[in-house]
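Colleague: Could you have a look at this structure, given as structure tokens, before my questions?
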Amino acid sequence: MHPDQPATALRKERERTLDGDAALPVGTRSAFRDDILTSWRRCQMVGMAPTSEDVPYRPEFERPNRLLRAAGPVIDRLAEQVGSGPASILLADSDAQIIDRRAGIRALEEALDRAMVAPGFHYAEEYTGTNGIGSALEARKPFVVSGFEHYRENLQEFTCIGSPLRHPISGVVEGVLDVTCRVSDTQELMKPLVLAAVREIESRMYADASRREQMLLERFLRAGRRSSSTAVLSLNEDVVMANTAASALLDMSDQASLWEWACRMLGTGDECVGDVALSGGLVVDARATRIGDRDGTAGVLVEMRPAARESPGSAPTGGHRVRRARRTDARSDVLPGRSVAVARLRDEVEAVVDDERPLLLCGEPGTGKLFVATHLHRKRRHQEPLTVLDARTSPDDPGAWFDRLASGIDGGGTVVVRHLAQLAPDLAGRVEALLETPVGSGVRIVATVRTREGDSPAGRTLDHFPVSITVPPLRYRGEDIADLAPRLIGAHTARRPAPRLQPSTLRTLSGLDWPGNVRELGAVLATAVTRSLGSDIAHEHLPPEYRDSTNRSGAASLQRAERDILLEALAETHGNKLAAAERLGIARSTLYRKMRILGIDENRLPAFRPR
């Protein structure tokens, strides 16, 4: 933008350009740079209004520790240099959410607050238009936005200079450093200042990564010397070191699953042991050990051996036999997953396959209750009819709905009634009579509900289901995503072989909470398949709201697991610190220290809800 061009002329040209009338006299150039015009077109494509002032805000967010370790001292020094001057220093994560702000003079701080340029607010281009943070991420290069160059009118009093912060080893963009001031205070030295600070932060990232990698390597070599037959894996979010034995056991999805398992199992401790089911069906005895020092966690060391099991009826030989889990690839007719929760679900399903009594499948919406019901039908009655009815439609025409139910039962096979708790009250008694069909009549009735609780007439119908199974929510079995993803992806593409999840993408998805469970995961993967254009699904192919960089941070994953365990113990003991510490097996002083480190406010503890 030409600084000497009158503001009125700039405003008129901006309006003409945004209205689609970009015609200029022959031999003249636009007052706005090509990269600004390109950014404006992106904003128009997503339907953004220049007059909009809405900014997405998330008050509670996890801070990317790796970025803050490197950037913190640098922005501290910059803040001292700027002092109470007319500039503000902003640090944003890789999703363009501001995570730190060092404002200068009071008037600038108040102006930024009015414009919602503060920690917790998202400044991705798709949300807030052309700006120094979001546009720098989109362009993957330093980006200057001043005055009328901002797409949104409420930001036009500022000049913003942002530059991406790239990890010097992985090349991944970790965040953005931005310096913002009023247009009247813009100085030519601002961009060199930002670029020099970015170089220093990236240099600190390299040193930090080198230190962490050295710790990983040292522990990896030490473990490898103890036994050459043990599979050893040393890993964090960027680096994976595996010996020959580990390489023979693992594929890409196993690396992410082992990381998720270790983060969940370590909790407040530094070591854990347990059985882990790998993608090939192999079950291993695994030991995970936290690697790090007082400055933070560098990663995890995992040592594995195939689980030993003696042959039935034979004398022990002293050797190991490989114990195989049920195979969980997309072609197998099994319930996919490798978690303890799914192993228990498979056992419960197997136990009721030959049971003729009515079966109730409980679970949160989207967990896959209909999938389990269909799986049961295939295991026992795959050549007989399968009838699926939805009780939510029964109030529309109760008589016709009941006739379809009765016809399905007369036809034999399996009858599945979804959302039984929402059955029309007038039908409750008639349905109860049908549920008393004698065992051995050749029909299996299966119903799905969220919970067995309910005082309504429809809720009392649930008492006629003597057998019930609960399908666990996805947030308790993140490691199962490695096995669920191939099936879900395959359902949304005819391409063979179907796209796969890259390891970093799988780590990100495994760290999310998934309130919509498997159904939500399927929708996200359907979007990612479309965006990937047939290639393997990378992090950038996910919808923006599912790219939370904290889920890719090794330290953040471990801290999140540790924080969840502490919060659960505090909630179960109603905030009693001594009782919580005893429950966790740690000293009360250790509990207080961990609460401070993890940012747990004892005055804002969640209410305990039994699982």
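The chains in the structure tokens are called A, B, ... from first to last as shown; in each chain the residues are counted from 1, and the ligands are counted from 1 in the order shown.
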Would you list the contacts of Val144 (chain A) as a PDB file with N, CA and C atoms, in the first residue's frame, taking every protein, DNA or RNA residue within 7 Å and counting only C-alpha atoms, but skipping same-chain residues closer than 3 positions in sequence?
Modeller:
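Saved file selection11.pdb follows:
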```pdb
ATOM      1  N   GLY A 132      -2.203  -9.955  10.358  1.00  0.00           N
ATOM      2  CA  GLY A 132      -0.809 -10.341  10.437  1.00  0.00           C
ATOM      3  C   GLY A 132      -0.576 -11.756  10.900  1.00  0.00           C
ATOM      4  N   CYS A 160       0.003  -4.626  11.408  1.00  0.00           N
ATOM      5  CA  CYS A 160       0.407  -5.905  11.983  1.00  0.00           C
ATOM      6  C   CYS A 160       1.505  -6.515  11.124  1.00  0.00           C
ATOM      7  N   ILE A 161       2.568  -6.977  11.741  1.00  0.00           N
ATOM      8  CA  ILE A 161       3.661  -7.629  11.038  1.00  0.00           C
ATOM      9  C   ILE A 161       3.875  -8.987  11.701  1.00  0.00           C
ATOM     10  N   GLY A 162       3.513 -10.049  10.980  1.00  0.00           N
ATOM     11  CA  GLY A 162       3.623 -11.392  11.542  1.00  0.00           C
ATOM     12  C   GLY A 162       4.525 -12.267  10.709  1.00  0.00           C
TER      13      GLY A 162
END
```
Colleague: Taking only region 377-453 of chain A into account, list the residues labelled strand (DSSP E or B) by DSSP (computed from the backbone), as an mmCIF file with C-alpha atoms, in the first residue's frame.
Modeller:
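Okay, out_10.cif is ready:
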```cif
data_model
loop_
_atom_site.group_PDB
_atom_site.id
_atom_site.type_symbol
_atom_site.label_atom_id
_atom_site.label_comp_id
_atom_site.auth_asym_id
_atom_site.auth_seq_id
_atom_site.Cartn_x
_atom_site.Cartn_y
_atom_site.Cartn_z
ATOM 1 C CA LEU A 386 -32.584 -57.974 9.586
ATOM 2 C CA THR A 387 -35.272 -55.414 10.451
ATOM 3 C CA VAL A 388 -34.292 -51.981 11.789
ATOM 4 C CA LEU A 389 -36.910 -49.602 13.222
ATOM 5 C CA ASP A 390 -36.464 -46.194 14.851
ATOM 6 C CA GLY A 413 -34.137 -63.159 12.141
ATOM 7 C CA THR A 414 -33.092 -60.047 14.075
ATOM 8 C CA VAL A 415 -35.228 -57.007 14.873
ATOM 9 C CA VAL A 416 -33.379 -53.872 15.997
ATOM 10 C CA VAL A 417 -35.336 -51.051 17.640
ATOM 11 C CA ARG A 418 -33.258 -47.872 17.825
ATOM 12 C CA VAL A 443 -36.256 -64.122 16.511
ATOM 13 C CA ARG A 444 -33.734 -61.965 18.353
ATOM 14 C CA ILE A 445 -34.895 -58.527 19.558
ATOM 15 C CA VAL A 446 -32.190 -55.926 20.093
ATOM 16 C CA ALA A 447 -32.834 -52.347 21.228
ATOM 17 C CA THR A 448 -30.518 -49.359 21.584
ATOM 18 C CA VAL A 449 -30.734 -46.617 24.216
#
```
Colleague: Taking the chain letters and numbering used in this document, name the residues of region 405-490 of chain A that DSSP puts in helix (DSSP H, G or I), as a PyMOL selection string.
Modeller: chain A and resi 405-410+420-422+425-435+457-464+474-476+478-490
Colleague: List as a PDB file with N, CA, C and O atoms, in the first residue's frame the protein and nucleic acid residues near Thr244 (chain A), meaning an atom at most 10 Å away when only C-alpha atoms are counted, but skip any in the same chain fewer than 6 places from it.
Modeller:
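Now in part-v9.pdb:
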```
ATOM      1  N   SER A 228      19.440 -57.520  23.269  1.00  0.00           N
ATOM      2  CA  SER A 228      19.222 -57.308  21.840  1.00  0.00           C
ATOM      3  C   SER A 228      17.905 -57.901  21.366  1.00  0.00           C
ATOM      4  O   SER A 228      17.428 -57.574  20.281  1.00  0.00           O
ATOM      5  N   SER A 229      17.299 -58.804  22.159  1.00  0.00           N
ATOM      6  CA  SER A 229      16.045 -59.440  21.746  1.00  0.00           C
ATOM      7  C   SER A 229      14.815 -58.615  22.112  1.00  0.00           C
ATOM      8  O   SER A 229      13.724 -58.885  21.633  1.00  0.00           O
ATOM      9  N   THR A 230      14.991 -57.625  22.988  1.00  0.00           N
ATOM     10  CA  THR A 230      13.866 -56.774  23.384  1.00  0.00           C
ATOM     11  C   THR A 230      13.626 -55.700  22.328  1.00  0.00           C
ATOM     12  O   THR A 230      14.570 -55.070  21.851  1.00  0.00           O
ATOM     13  N   ALA A 231      12.360 -55.517  21.956  1.00  0.00           N
ATOM     14  CA  ALA A 231      12.011 -54.438  21.027  1.00  0.00           C
ATOM     15  C   ALA A 231      12.016 -53.121  21.799  1.00  0.00           C
ATOM     16  O   ALA A 231      11.326 -52.985  22.818  1.00  0.00           O
ATOM     17  N   VAL A 232      12.797 -52.154  21.330  1.00  0.00           N
ATOM     18  CA  VAL A 232      12.958 -50.876  22.034  1.00  0.00           C
ATOM     19  C   VAL A 232      12.553 -49.743  21.102  1.00  0.00           C
ATOM     20  O   VAL A 232      12.979 -49.682  19.950  1.00  0.00           O
ATOM     21  N   LEU A 233      11.729 -48.859  21.634  1.00  0.00           N
ATOM     22  CA  LEU A 233      11.250 -47.707  20.880  1.00  0.00           C
ATOM     23  C   LEU A 233      11.402 -46.475  21.764  1.00  0.00           C
ATOM     24  O   LEU A 233      10.948 -46.463  22.904  1.00  0.00           O
TER      25      LEU A 233
END
```
Colleague: What's around Val117 (chain A) at 12 Å? Count only C-alpha atoms, leave out sequence neighbours fewer than 2 positions away in its own chain, and write the answer as a VMD selection string.
Modeller: chain A and resid 53 to 57 88 to 92 96 to 103 108 to 115 119 to 123 128 131 to 133 154 to 155 158 160 178 to 181
Colleague: Atoms to include: C-alpha atoms. Write the selected residues as a PDB file, in the first residue's frame.
Modeller:
```
ATOM      1  CA  GLU A  53     -16.615  -8.194  14.314  1.00  0.00           C
ATOM      2  CA  ASP A  54     -17.137 -11.757  15.580  1.00  0.00           C
ATOM      3  CA  VAL A  55     -13.957 -13.554  16.668  1.00  0.00           C
ATOM      4  CA  PRO A  56     -13.931 -17.188  17.877  1.00  0.00           C
ATOM      5  CA  TYR A  57     -12.854 -17.359  21.508  1.00  0.00           C
ATOM      6  CA  SER A  88       2.416  -4.842  21.201  1.00  0.00           C
ATOM      7  CA  ILE A  89       3.998  -8.287  20.890  1.00  0.00           C
ATOM      8  CA  LEU A  90       1.678 -11.199  20.083  1.00  0.00           C
ATOM      9  CA  LEU A  91       2.395 -14.927  20.061  1.00  0.00           C
ATOM     10  CA  ALA A  92      -0.073 -17.285  18.374  1.00  0.00           C
ATOM     11  CA  ALA A  96      -3.770 -18.771  14.841  1.00  0.00           C
ATOM     12  CA  GLN A  97      -5.056 -18.646  18.402  1.00  0.00           C
ATOM     13  CA  ILE A  98      -3.332 -15.915  20.398  1.00  0.00           C
ATOM     14  CA  ILE A  99      -1.635 -17.462  23.430  1.00  0.00           C
ATOM     15  CA  ASP A 100       0.351 -14.481  24.733  1.00  0.00           C
ATOM     16  CA  ARG A 101       0.254 -10.704  24.419  1.00  0.00           C
ATOM     17  CA  ARG A 102       2.645  -8.048  25.714  1.00  0.00           C
ATOM     18  CA  ALA A 103       0.955  -4.686  25.190  1.00  0.00           C
ATOM     19  CA  LEU A 108      -2.884   0.572  22.694  1.00  0.00           C
ATOM     20  CA  GLU A 109      -3.817  -2.137  25.169  1.00  0.00           C
ATOM     21  CA  GLU A 110      -7.356  -0.747  25.419  1.00  0.00           C
ATOM     22  CA  ALA A 111      -7.639  -0.528  21.618  1.00  0.00           C
ATOM     23  CA  LEU A 112      -6.539  -4.151  21.248  1.00  0.00           C
ATOM     24  CA  ASP A 113      -9.054  -5.234  23.882  1.00  0.00           C
ATOM     25  CA  ARG A 114     -11.857  -3.473  21.993  1.00  0.00           C
ATOM     26  CA  ALA A 115     -10.812  -5.240  18.784  1.00  0.00           C
ATOM     27  CA  PRO A 119      -5.177 -14.376  24.322  1.00  0.00           C
ATOM     28  CA  GLY A 120      -7.831 -16.977  23.565  1.00  0.00           C
ATOM     29  CA  PHE A 121      -9.088 -15.338  20.354  1.00  0.00           C
ATOM     30  CA  HIS A 122      -8.587 -17.053  16.976  1.00  0.00           C
ATOM     31  CA  TYR A 123      -7.139 -14.976  14.158  1.00  0.00           C
ATOM     32  CA  THR A 128     -11.057 -12.818  11.055  1.00  0.00           C
ATOM     33  CA  ASN A 131      -4.421  -9.934   9.386  1.00  0.00           C
ATOM     34  CA  GLY A 132      -0.809 -10.341  10.437  1.00  0.00           C
ATOM     35  CA  ILE A 133      -1.318 -13.685  12.182  1.00  0.00           C
ATOM     36  CA  ASN A 154     -12.567  -2.954  12.952  1.00  0.00           C
ATOM     37  CA  LEU A 155      -8.847  -3.785  12.499  1.00  0.00           C
ATOM     38  CA  PHE A 158      -3.590  -1.167  13.241  1.00  0.00           C
ATOM     39  CA  CYS A 160       0.407  -5.905  11.983  1.00  0.00           C
ATOM     40  CA  ASP A 178       3.464 -10.685  15.490  1.00  0.00           C
ATOM     41  CA  VAL A 179       4.157  -7.057  16.357  1.00  0.00           C
ATOM     42  CA  THR A 180       1.146  -4.748  16.207  1.00  0.00           C
ATOM     43  CA  CYS A 181       0.861  -0.971  16.544  1.00  0.00           C
TER      44      CYS A 181
END
```
Colleague: For Met304 (chain A), find every residue with an atom within 10 Å (counting only C-alpha atoms), except residues of its own chain fewer than 3 positions away, and show them as a list in words.
Modeller: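 Answer for this query is Ser229, Thr230, Ala231, Val232, Leu233, Ala245, Ala246, Leu249, Val273, Gly274, Asp275, Val276, Val283, Val284, Asp285, Ala286, Arg287, Ala288 and Ala307 of chain A.
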Colleague: Could you please determine the separation between CA of Leu177 (chain A) and CA of Lys141 (chain A) in Å, to one decimal place?
Modeller: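 According to the coordinates, CA of Leu177 (chain A) and CA of Lys141 (chain A) are separated by 11.4 Å.
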Colleague: So which residues touch region 203-216 of chain A within 9 Å, counting only C-alpha atoms, skipping near sequence neighbours fewer than 6 positions away, as a compact mmCIF listing (two decimals) with N, CA and C atoms, in the first residue's frame?
Modeller:
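Result file out.txt:
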```txt
# COMPACT_ATOMS: atom_id res chain seq x y z
N ARG A 66 6.24 -26.57 23.96
CA ARG A 66 7.46 -26.51 23.16
C ARG A 66 7.65 -25.12 22.57
N LEU A 67 6.58 -24.52 22.07
CA LEU A 67 6.66 -23.17 21.51
C LEU A 67 6.98 -22.15 22.59
N ARG A 69 8.51 -22.61 25.46
CA ARG A 69 9.88 -22.74 25.97
C ARG A 69 10.85 -21.95 25.11
N ALA A 70 10.65 -22.02 23.79
CA ALA A 70 11.56 -21.34 22.89
C ALA A 70 11.27 -19.85 22.78
N ALA A 71 9.99 -19.48 22.75
CA ALA A 71 9.62 -18.09 22.49
C ALA A 71 9.57 -17.24 23.75
N ARG A 166 8.86 -21.69 12.33
CA ARG A 166 9.00 -23.06 11.84
C ARG A 166 9.96 -23.85 12.73
N HIS A 167 9.59 -25.08 13.00
CA HIS A 167 10.53 -25.94 13.72
C HIS A 167 11.69 -26.26 12.79
N PRO A 168 12.92 -25.99 13.20
CA PRO A 168 14.06 -26.12 12.28
C PRO A 168 14.38 -27.55 11.87
N ILE A 169 13.84 -28.54 12.57
CA ILE A 169 14.11 -29.93 12.22
C ILE A 169 12.97 -30.53 11.41
N SER A 234 12.07 -45.46 21.26
CA SER A 234 12.22 -44.19 21.97
C SER A 234 11.61 -43.12 21.09
N LEU A 235 10.61 -42.42 21.59
CA LEU A 235 9.87 -41.52 20.70
C LEU A 235 9.30 -40.32 21.43
N ASN A 236 9.09 -39.27 20.63
CA ASN A 236 8.28 -38.12 21.04
C ASN A 236 7.49 -37.68 19.82
N ASP A 238 8.23 -35.73 17.42
CA ASP A 238 9.01 -35.49 16.22
C ASP A 238 9.91 -36.64 15.82
N VAL A 239 10.36 -37.41 16.79
CA VAL A 239 11.42 -38.39 16.56
C VAL A 239 10.97 -39.77 17.00
N MET A 241 12.88 -43.57 17.40
CA MET A 241 14.08 -44.41 17.30
C MET A 241 13.66 -45.84 17.63
N ILE A 291 10.93 -40.02 29.79
CA ILE A 291 12.28 -39.50 29.59
C ILE A 291 12.23 -37.98 29.73
N GLY A 292 13.08 -37.42 30.56
CA GLY A 292 13.09 -35.97 30.71
C GLY A 292 13.89 -35.54 31.91
N THR A 297 9.40 -32.90 29.80
CA THR A 297 9.43 -34.25 29.26
C THR A 297 10.00 -34.24 27.85
N ALA A 298 10.95 -35.14 27.59
CA ALA A 298 11.56 -35.24 26.26
C ALA A 298 10.88 -36.30 25.42
N GLY A 299 10.26 -37.28 26.04
CA GLY A 299 9.61 -38.34 25.29
C GLY A 299 9.39 -39.55 26.17
N VAL A 300 9.26 -40.71 25.53
CA VAL A 300 8.94 -41.95 26.23
C VAL A 300 9.80 -43.07 25.67
N LEU A 301 10.30 -43.94 26.54
CA LEU A 301 10.98 -45.15 26.14
C LEU A 301 10.01 -46.32 26.33
```
Colleague: List the neighbours of Arg547 (chain A) out to 10 Å using only C-alpha atoms; skip same-chain residues closer than 4 positions along the sequence, and give me the result as a ChimeraX atom specification.
Modeller: /A:94-95,505,508-509,512,539-543,551-552
Colleague: Taking into account only C-alpha atoms, which residue in the set A:Ala341, A:Cys362, A:Leu137, A:Val302 is nearest to Leu474 (chain A)?
Modeller: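 So, comparing all the options, the nearest one is A:Ala341.
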